[in-house]
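Enquirer: Handing over entry25.cif, mmCIF, C-alpha atoms.
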data_upload
#
loop_
_atom_site.label_atom_id
_atom_site.label_comp_id
_atom_site.auth_asym_id
_atom_site.auth_seq_id
_atom_site.Cartn_x
_atom_site.Cartn_y
_atom_site.Cartn_z
CA MET A 1242 -36.02 -4.58 51.59
CA ASN A 1243 -33.80 -7.55 50.83
CA TYR A 1244 -30.36 -6.19 51.71
CA LYS A 1245 -28.62 -9.43 50.78
CA LYS A 1246 -30.12 -9.34 47.28
CA SER A 1247 -29.24 -5.63 46.89
CA SER A 1248 -25.66 -6.24 48.04
CA LEU A 1249 -25.31 -9.14 45.62
CA THR A 1250 -26.64 -7.02 42.73
CA LEU A 1251 -24.24 -4.18 43.59
CA LEU A 1252 -21.34 -6.63 43.79
CA LEU A 1253 -22.19 -8.07 40.37
CA ILE A 1254 -22.38 -4.56 38.85
CA LEU A 1255 -19.00 -3.58 40.30
CA LEU A 1256 -17.50 -6.87 39.12
CA ALA A 1257 -18.85 -6.28 35.60
CA PHE A 1258 -17.29 -2.80 35.52
CA PHE A 1259 -13.97 -4.22 36.74
CA VAL A 1260 -13.93 -7.02 34.15
CA ASN A 1261 -14.88 -4.66 31.32
CA GLY A 1262 -12.20 -2.23 32.41
CA GLN A 1263 -9.57 -4.97 32.41
CA GLN A 1264 -10.67 -6.13 28.94
CA LEU A 1265 -10.51 -2.60 27.56
CA LYS A 1266 -7.05 -2.14 29.04
CA LYS A 1267 -5.83 -5.48 27.72
CA GLY A 1268 -7.43 -5.10 24.31
CA ARG A 1269 -6.31 -1.55 23.49
CA ASN A 1270 -6.31 -1.01 19.76
CA VAL A 1271 -3.60 0.77 17.78
CA ALA A 1272 -4.21 2.58 14.49
CA ALA A 1273 -1.28 1.78 12.21
CA TRP A 1274 -0.16 1.49 8.61
CA LYS A 1275 0.76 -1.84 7.04
CA ILE A 1276 3.42 -1.34 4.37
CA SER A 1277 4.44 -4.15 2.01
CA TYR A 1278 7.81 -3.67 0.30
CA ALA A 1279 9.00 -5.32 -2.89
CA LEU A 1280 12.52 -5.54 -4.26
CA ASP A 1281 13.37 -2.62 -6.55
CA PHE A 1282 15.94 -2.68 -9.33
CA GLY A 1283 15.03 0.60 -10.99
CA SER A 1284 13.04 1.00 -14.18
CA GLN A 1285 12.94 -1.65 -16.90
CA GLN A 1286 14.92 0.66 -19.18
CA GLN A 1287 17.67 1.06 -16.56
CA GLN A 1288 17.79 -2.71 -16.12
CA LYS A 1289 18.20 -3.27 -19.86
CA ILE A 1290 21.00 -0.69 -20.13
CA ALA A 1291 22.81 -2.14 -17.12
CA SER A 1292 22.32 -5.67 -18.45
CA LYS A 1293 24.03 -4.76 -21.72
CA GLN A 1294 26.94 -3.19 -19.85
CA ASP A 1295 27.38 -6.11 -17.47
CA GLN A 1296 26.15 -9.63 -18.17
CA GLY A 1297 26.29 -10.35 -14.45
CA GLN A 1298 23.32 -8.07 -13.74
CA THR A 1299 20.75 -10.82 -14.24
CA ALA A 1300 22.64 -13.10 -11.87
CA MET A 1301 22.85 -10.27 -9.32
CA ILE A 1302 19.09 -9.69 -9.46
CA GLU A 1303 18.31 -13.40 -9.10
CA LEU A 1304 20.73 -13.69 -6.15
CA ALA A 1305 19.10 -10.71 -4.43
CA LYS A 1306 15.67 -12.29 -4.88
CA SER A 1307 16.90 -15.59 -3.51
CA LEU A 1308 18.54 -14.07 -0.42
CA SER A 1309 15.49 -11.92 0.32
CA GLY A 1310 13.08 -14.84 0.27
CA SER A 1311 10.92 -12.86 -2.15
CA THR A 1312 8.22 -14.55 -4.23
CA ASP A 1313 5.51 -13.23 -6.53
CA ASP A 1314 2.87 -13.89 -3.86
CA SER A 1315 4.81 -12.87 -0.78
CA PRO A 1316 6.79 -9.63 -0.30
CA PRO A 1317 10.20 -9.90 1.38
CA LEU A 1318 9.40 -7.16 3.88
CA ILE A 1319 6.20 -6.14 5.66
CA CYS A 1320 6.22 -3.32 8.20
CA TYR A 1321 3.56 -2.07 10.60
CA VAL A 1322 4.12 1.44 11.90
CA SER A 1323 2.23 3.84 14.16
CA PRO A 1324 3.29 6.98 16.03
CA GLU A 1325 4.24 4.73 18.99
CA TYR A 1326 5.03 1.25 17.65
CA ILE A 1327 6.94 -0.61 14.95
CA ARG A 1328 6.72 -4.23 13.83
CA VAL A 1329 8.97 -5.48 11.00
CA GLU A 1330 8.52 -8.90 9.41
CA GLN A 1331 11.51 -9.69 7.21
CA LYS A 1332 12.03 -12.86 5.19
CA GLY A 1333 15.14 -14.42 3.72
CA LEU A 1334 18.71 -14.28 4.99
CA GLY A 1335 18.94 -12.43 8.31
CA GLY A 1336 15.17 -12.18 8.51
CA GLY A 1337 12.83 -12.40 11.47
CA ILE A 1338 10.28 -10.32 13.36
CA THR A 1339 11.42 -7.14 15.08
CA LEU A 1340 9.26 -5.27 17.60
CA ALA A 1341 9.91 -1.79 18.93
CA ASP A 1342 8.25 0.84 21.08
CA LYS A 1343 9.42 4.27 19.91
CA ARG A 1344 9.21 5.56 23.47
CA ASP A 1345 11.81 3.02 24.60
CA THR A 1346 15.51 2.49 23.80
CA VAL A 1347 15.29 -1.24 23.07
CA SER A 1348 13.78 -3.51 20.45
CA TYR A 1349 13.07 -7.24 20.36
CA LEU A 1350 13.93 -9.86 17.77
CA LEU A 1351 11.47 -12.76 18.00
CA ASP A 1352 12.42 -16.40 17.54
CA THR A 1353 9.04 -17.93 16.76
CA ALA A 1354 10.44 -21.48 16.75
CA GLY A 1355 12.18 -21.20 20.13
CA LYS A 1356 9.56 -18.80 21.56
CA THR A 1357 12.20 -16.35 22.73
CA ALA A 1358 12.61 -12.60 22.32
CA THR A 1359 16.14 -11.21 22.29
CA LYS A 1360 16.54 -7.62 23.44
CA TYR A 1361 18.67 -5.28 21.32
CA PRO A 1362 19.43 -1.56 21.32
CA ALA A 1363 16.78 0.27 19.29
CA ALA A 1364 19.59 2.06 17.44
CA MET A 1365 22.26 -0.14 15.87
CA PRO A 1366 24.61 1.04 13.11
CA ASN A 1367 24.59 -1.04 9.94
CA ILE A 1368 28.20 -2.22 9.62
CA GLN A 1369 29.46 -3.40 6.23
CA THR A 1370 32.87 -4.13 4.78
CA ALA A 1371 34.19 -3.40 1.32
CA MET A 1372 37.52 -3.76 -0.46
CA ALA A 1373 39.45 -0.59 -1.24
CA GLY A 1374 42.36 -1.80 -3.31
CA ASP A 1375 44.24 -4.28 -1.17
CA SER A 1376 42.71 -2.99 2.07
CA MET A 1377 39.48 -3.82 3.84
CA MET A 1378 37.27 -0.79 4.48
CA VAL A 1379 34.60 -0.71 7.20
CA ILE A 1380 31.45 1.25 6.33
CA SER A 1381 29.00 2.19 9.08
CA SER A 1382 25.61 3.81 8.60
CA ALA A 1383 26.49 5.97 11.62
CA ASP A 1384 29.04 7.74 9.40
CA PHE A 1385 26.47 8.79 6.80
CA VAL A 1386 25.31 12.39 6.58
CA MET A 1387 21.73 13.08 5.49
CA GLU A 1388 20.89 15.70 2.86
CA LEU A 1389 17.30 16.64 1.95
CA LYS A 1390 16.85 17.15 -1.79
CA THR A 1391 14.23 18.70 -4.06
CA GLY A 1392 11.85 16.67 -6.17
CA THR A 1393 8.91 14.36 -5.52
CA LEU A 1394 7.96 10.82 -6.48
CA MET A 1395 4.60 9.04 -6.19
CA ILE A 1396 4.88 5.70 -4.39
CA ALA A 1397 1.83 3.57 -3.57
CA GLY A 1398 -0.43 6.62 -3.69
CA HIS A 1399 1.78 8.86 -1.54
CA SER A 1400 3.75 11.89 -2.70
CA CYS A 1401 7.29 11.32 -1.42
CA LYS A 1402 10.23 13.63 -0.87
CA LYS A 1403 13.87 12.75 -1.42
CA ALA A 1404 16.76 12.37 1.01
CA VAL A 1405 20.25 11.02 0.41
CA PHE A 1406 22.78 9.63 2.84
CA ILE A 1407 26.42 10.24 1.93
CA ASN A 1408 29.50 8.85 3.63
CA PRO A 1409 32.19 11.60 3.57
CA HIS A 1410 34.90 8.94 3.80
CA SER A 1411 33.42 6.92 0.95
CA PRO A 1412 31.50 9.33 -1.34
CA GLU A 1413 30.69 6.61 -3.89
CA ASN A 1414 28.46 4.92 -1.30
CA VAL A 1415 25.20 6.85 -1.48
CA ILE A 1416 21.84 5.71 -0.14
CA THR A 1417 18.77 7.33 -1.69
CA VAL A 1418 15.53 7.39 0.30
CA TRP A 1419 12.07 8.54 -0.76
CA TYR A 1420 9.84 9.26 2.23
CA ALA A 1421 6.23 10.22 2.93
CA PRO A 1422 6.11 13.14 5.41
CA GLU A 1423 2.54 12.35 6.53
CA LEU A 1424 3.35 8.82 7.69
CA PRO A 1425 5.06 7.93 11.01
CA ARG A 1426 8.81 7.36 11.01
CA LEU A 1427 9.93 3.79 10.38
CA TYR A 1428 13.32 2.61 11.65
CA TRP A 1429 14.71 -0.50 13.29
CA GLN A 1430 18.06 -1.81 14.49
CA GLN A 1431 20.57 -1.61 11.60
CA TYR A 1432 18.24 0.78 9.76
CA SER A 1433 18.09 3.18 12.68
CA TYR A 1434 19.59 5.92 10.47
CA LEU A 1435 16.09 6.25 8.97
CA LYS A 1436 15.01 7.83 12.27
CA SER A 1437 16.51 11.13 11.09
CA ILE A 1438 14.14 11.27 8.10
CA PRO A 1439 11.07 13.51 8.69
CA GLY A 1440 8.62 10.84 7.56
CA CYS A 1441 8.30 7.18 6.59
CA ALA A 1442 10.78 5.73 4.10
CA LEU A 1443 8.84 4.14 1.23
CA ALA A 1444 11.84 3.48 -1.01
CA ILE A 1445 15.50 2.82 -0.16
CA GLY A 1446 18.14 2.15 -2.76
CA THR A 1447 21.78 2.37 -3.71
CA LEU A 1448 23.62 2.10 -7.02
CA SER A 1449 25.74 -0.95 -7.78
CA ARG A 1450 27.35 -1.31 -11.22
CA GLY A 1451 24.92 1.23 -12.61
CA LEU A 1452 21.88 -0.68 -11.33
CA ASN A 1453 19.65 0.54 -8.51
CA ILE A 1454 19.25 -2.10 -5.82
CA GLY A 1455 16.78 -1.60 -3.01
CA ILE A 1456 13.18 -1.88 -1.85
CA LYS A 1457 10.04 0.10 -2.61
CA ALA A 1458 6.59 0.10 -1.03
CA SER A 1459 4.09 -1.76 -3.22
CA LEU A 1460 1.01 -1.56 -0.99
CA ILE A 1461 0.04 0.66 1.96
CA GLU A 1462 -3.01 -0.12 4.09
CA LYS A 1463 -4.54 1.57 7.14
CA VAL A 1464 -5.15 -1.10 9.81
CA THR A 1465 -6.26 -1.37 13.43
CA LEU A 1466 -4.37 -3.88 15.56
CA GLY A 1467 -4.25 -4.93 19.17
CA GLU A 1468 -1.43 -3.42 21.19
CA SER A 1469 -0.14 -6.93 21.94
CA PHE A 1470 0.73 -7.27 18.23
CA PHE A 1471 3.65 -4.92 18.89
CA THR A 1472 4.95 -6.56 22.08
CA PRO A 1473 6.61 -9.94 22.80
CA PRO A 1474 4.01 -12.64 23.57
CA PRO A 1475 3.68 -13.39 27.30
CA ALA A 1476 4.73 -17.01 26.75
CA TYR A 1477 8.07 -15.95 25.23
CA THR A 1478 11.30 -16.01 27.22
CA ILE A 1479 13.07 -12.64 27.18
CA ASN A 1480 16.80 -12.84 26.51
CA GLU A 1481 18.26 -9.80 28.27
CA GLU A 1482 21.59 -9.90 26.44
CA MET A 1483 21.92 -6.70 24.43
CA SER A 1484 24.71 -7.00 21.89
CA TYR A 1485 25.43 -6.14 18.29
#
Could you write out this file's structure as structure tokens?
Expert:
Amino acid sequence: MNYKKSSLTLLLILLAFFVNGQQLKKGRNVAAWKISYALDFGSQQQQKIASKQDQGQTAMIELAKSLSGSTDDSPPLICYVSPEYIRVEQKGLGGGITLADKRDTVSYLLDTAGKTATKYPAAMPNIQTAMAGDSMMVISSADFVMELKTGTLMIAGHSCKKAVFINPHSPENVITVWYAPELPRLYWQQYSYLKSIPGCALAIGTLSRGLNIGIKASLIEKVTLGESFFTPPPAYTINEEMSY
């Protein structure tokens, strides 16, 4: 018996198992949902009524479209969500790519031009300012209280339930969310308040001058993606500074 040949064959078999195992580990697939969001300004009838009441409505809508980077062919927001991972691709002002592992307490904002990934807390309150008479009022999403409401709404083929977020200190600021209970929760950085919703938010809006302004899911697809799609690329430099 040729022991050298047998040893070589055994070595090649073990090496093949090792390589295949490494490839399987590296190429782990993740079942996720790809959700494309479009800007939402309520129904056409609501837009017409609001437009008659305030001639600035058209300008407001066009400004929102411009700031969002929205076009007819490209949605302003695309999200990928699974039970474990989140990837948010946002265009326009303040846009970028955000990655998050739901099992961790941090998220990453990618700079594709500089090939860097800045680490942020996974939960960040959305801080806004508004004028209250002659005073400046600070509004934080951390101050909002969630209330689950009755009623359903079909969005992109999913039956959604309603939730509203009310700020006790500023009751006129109400955020309305329609969510799909069967889809994984979707939340990121300044929108971390959505984590409290028992499902995936498919529509988010608030009233301004009688006109609903927000986003609504226009297309939902089931996809399979490599796990690396949800993590910073190896060639990226990680910026450890975690700040708001």
Enquirer: Between CA of Pro1409 in chain A and CA of Lys1343 in chain A, what distance in Å does the model show, to one decimal?
Expert: 29.0 Å
Enquirer: Between CA of Lys1275 in chain A and CA of Phe1471 in chain A, what is the spacing in Å?
Expert: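 That distance, rounded to one decimal, is 12.6 Å.
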Enquirer: For CA of Leu1448 in chain A and CA of Phe1385 in chain A, determine how far apart the two atoms are, in Å to one decimal place.
Expert: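 Between CA of Leu1448 in chain A and CA of Phe1385 in chain A the gap works out to 15.6 Å.
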Enquirer: Check which residues satisfy the PyMOL selection byres ((chain A and resi 1341) around 9) in the file shown, then give them as a ChimeraX atom specification.
Expert: /A:1325-1329,1339-1340,1342-1349,1363,1429,1471-1472
Enquirer: For the selection you just gave me, I'd like the residues written to a file as a PDB file, in the coordinates of the input, keeping C-alpha atoms.
Expert:
ATOM      1  CA  GLU A1325       4.240   4.730  18.990  1.00  0.00           C
ATOM      2  CA  TYR A1326       5.030   1.250  17.650  1.00  0.00           C
ATOM      3  CA  ILE A1327       6.940  -0.610  14.950  1.00  0.00           C
ATOM      4  CA  ARG A1328       6.720  -4.230  13.830  1.00  0.00           C
ATOM      5  CA  VAL A1329       8.970  -5.480  11.000  1.00  0.00           C
ATOM      6  CA  THR A1339      11.420  -7.140  15.080  1.00  0.00           C
ATOM      7  CA  LEU A1340       9.260  -5.270  17.600  1.00  0.00           C
ATOM      8  CA  ASP A1342       8.250   0.840  21.080  1.00  0.00           C
ATOM      9  CA  LYS A1343       9.420   4.270  19.910  1.00  0.00           C
ATOM     10  CA  ARG A1344       9.210   5.560  23.470  1.00  0.00           C
ATOM     11  CA  ASP A1345      11.810   3.020  24.600  1.00  0.00           C
ATOM     12  CA  THR A1346      15.510   2.490  23.800  1.00  0.00           C
ATOM     13  CA  VAL A1347      15.290  -1.240  23.070  1.00  0.00           C
ATOM     14  CA  SER A1348      13.780  -3.510  20.450  1.00  0.00           C
ATOM     15  CA  TYR A1349      13.070  -7.240  20.360  1.00  0.00           C
ATOM     16  CA  ALA A1363      16.780   0.270  19.290  1.00  0.00           C
ATOM     17  CA  TRP A1429      14.710  -0.500  13.290  1.00  0.00           C
ATOM     18  CA  PHE A1471       3.650  -4.920  18.890  1.00  0.00           C
ATOM     19  CA  THR A1472       4.950  -6.560  22.080  1.00  0.00           C
TER      20      THR A1472
END
Enquirer: Write out as a list in words the residues lying within 6 Å of Lys1402 in chain A, counting only C-alpha atoms and excluding same-chain residues fewer than 2 positions away.
Expert: Thr1393, Trp1419 and Tyr1420 of chain A
Enquirer: Those selected residues, please, written with C-alpha atoms and delivered as a PDB file, in the coordinates of the input.
Expert:
ATOM      1  CA  THR A1393       8.910  14.360  -5.520  1.00  0.00           C
ATOM      2  CA  TRP A1419      12.070   8.540  -0.760  1.00  0.00           C
ATOM      3  CA  TYR A1420       9.840   9.260   2.230  1.00  0.00           C
TER       4      TYR A1420
END
Enquirer: Taking the file as I've supplied it (selection: the PyMOL selection byres ((chain A and resi 1458) around 9)), which residues are included? Please answer as a ChimeraX atom specification.
Expert: /A:1276-1280,1396-1397,1442-1444,1456-1457,1459-1461
Enquirer: Which is closest to Pro1439 in chain A among A:Gly1336, A:Cys1401, A:Thr1465, A:Lys1356, if we use all atoms listed in the file?
Expert: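 Looking only at the distances to Pro1439 in chain A, the closest residue turns out to be A:Cys1401.
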Enquirer: Using the chain letters and residue numbers of this document, give as number ranges by chain the residues selected by the PyMOL selection byres ((chain A and resi 1389) around 7).
Expert: A: 1387-1388, 1390, 1403-1405
Enquirer: For Asp1352 in chain A, please output as a short mmCIF file (atom, residue, chain, number, x, y, z; two decimals) with C-alpha atoms, keeping the file's coordinate frame all residues within 10 Å (counting all atoms listed in the file; exclusion window: fewer than 2 positions along the same chain).
Expert:
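Just written: result-v2.cif:
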data_model
loop_
_atom_site.label_atom_id
_atom_site.label_comp_id
_atom_site.auth_asym_id
_atom_site.auth_seq_id
_atom_site.Cartn_x
_atom_site.Cartn_y
_atom_site.Cartn_z
CA GLY A 1337 12.83 -12.40 11.47
CA ILE A 1338 10.28 -10.32 13.36
CA THR A 1339 11.42 -7.14 15.08
CA TYR A 1349 13.07 -7.24 20.36
CA LEU A 1350 13.93 -9.86 17.77
CA ALA A 1354 10.44 -21.48 16.75
CA GLY A 1355 12.18 -21.20 20.13
CA LYS A 1356 9.56 -18.80 21.56
CA THR A 1357 12.20 -16.35 22.73
CA ALA A 1358 12.61 -12.60 22.32
CA THR A 1359 16.14 -11.21 22.29
CA TYR A 1477 8.07 -15.95 25.23
CA THR A 1478 11.30 -16.01 27.22
#
Enquirer: Would you list the residues near (-5.9, -6.6, 18.6) (no more than 10 Å away, in the coordinates of the file, using only C-alpha atoms) as a PyMOL selection string?
Expert: chain A and resi 1267-1271+1465-1471
Enquirer: Just checking: using only C-alpha atoms, which residue out of A:Cys1320, A:Val1415, A:Ala1421, A:Ile1407 ends up closest to Ile1438 in chain A?
Expert: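 Checking each of A:Cys1320, A:Val1415, A:Ala1421, A:Ile1407 against Ile1438 in chain A, counting only C-alpha atoms, the winner is A:Ala1421.
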Enquirer: Which one is closest to Arg1426 in chain A: A:Glu1481, A:Leu1318, A:Asp1281, A:Pro1324? Count all atoms listed in the file.
Expert: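 Using all atoms listed in the file, Arg1426 in chain A sits closest to A:Pro1324.
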Enquirer: Please determine, counting all atoms listed in the file, which residue among A:Gly1446, A:Gln1430, A:Asp1384, A:Leu1351 has the shortest atom-to-atom distance to Asn1480 in chain A.
Expert: A:Leu1351
Enquirer: A:Ala1273, A:Gln1431, A:Gly1455, A:Pro1475: which is nearest Tyr1321 in chain A, counting only C-alpha atoms?
Expert: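 Selected residue with least distance to Tyr1321 in chain A: A:Ala1273.
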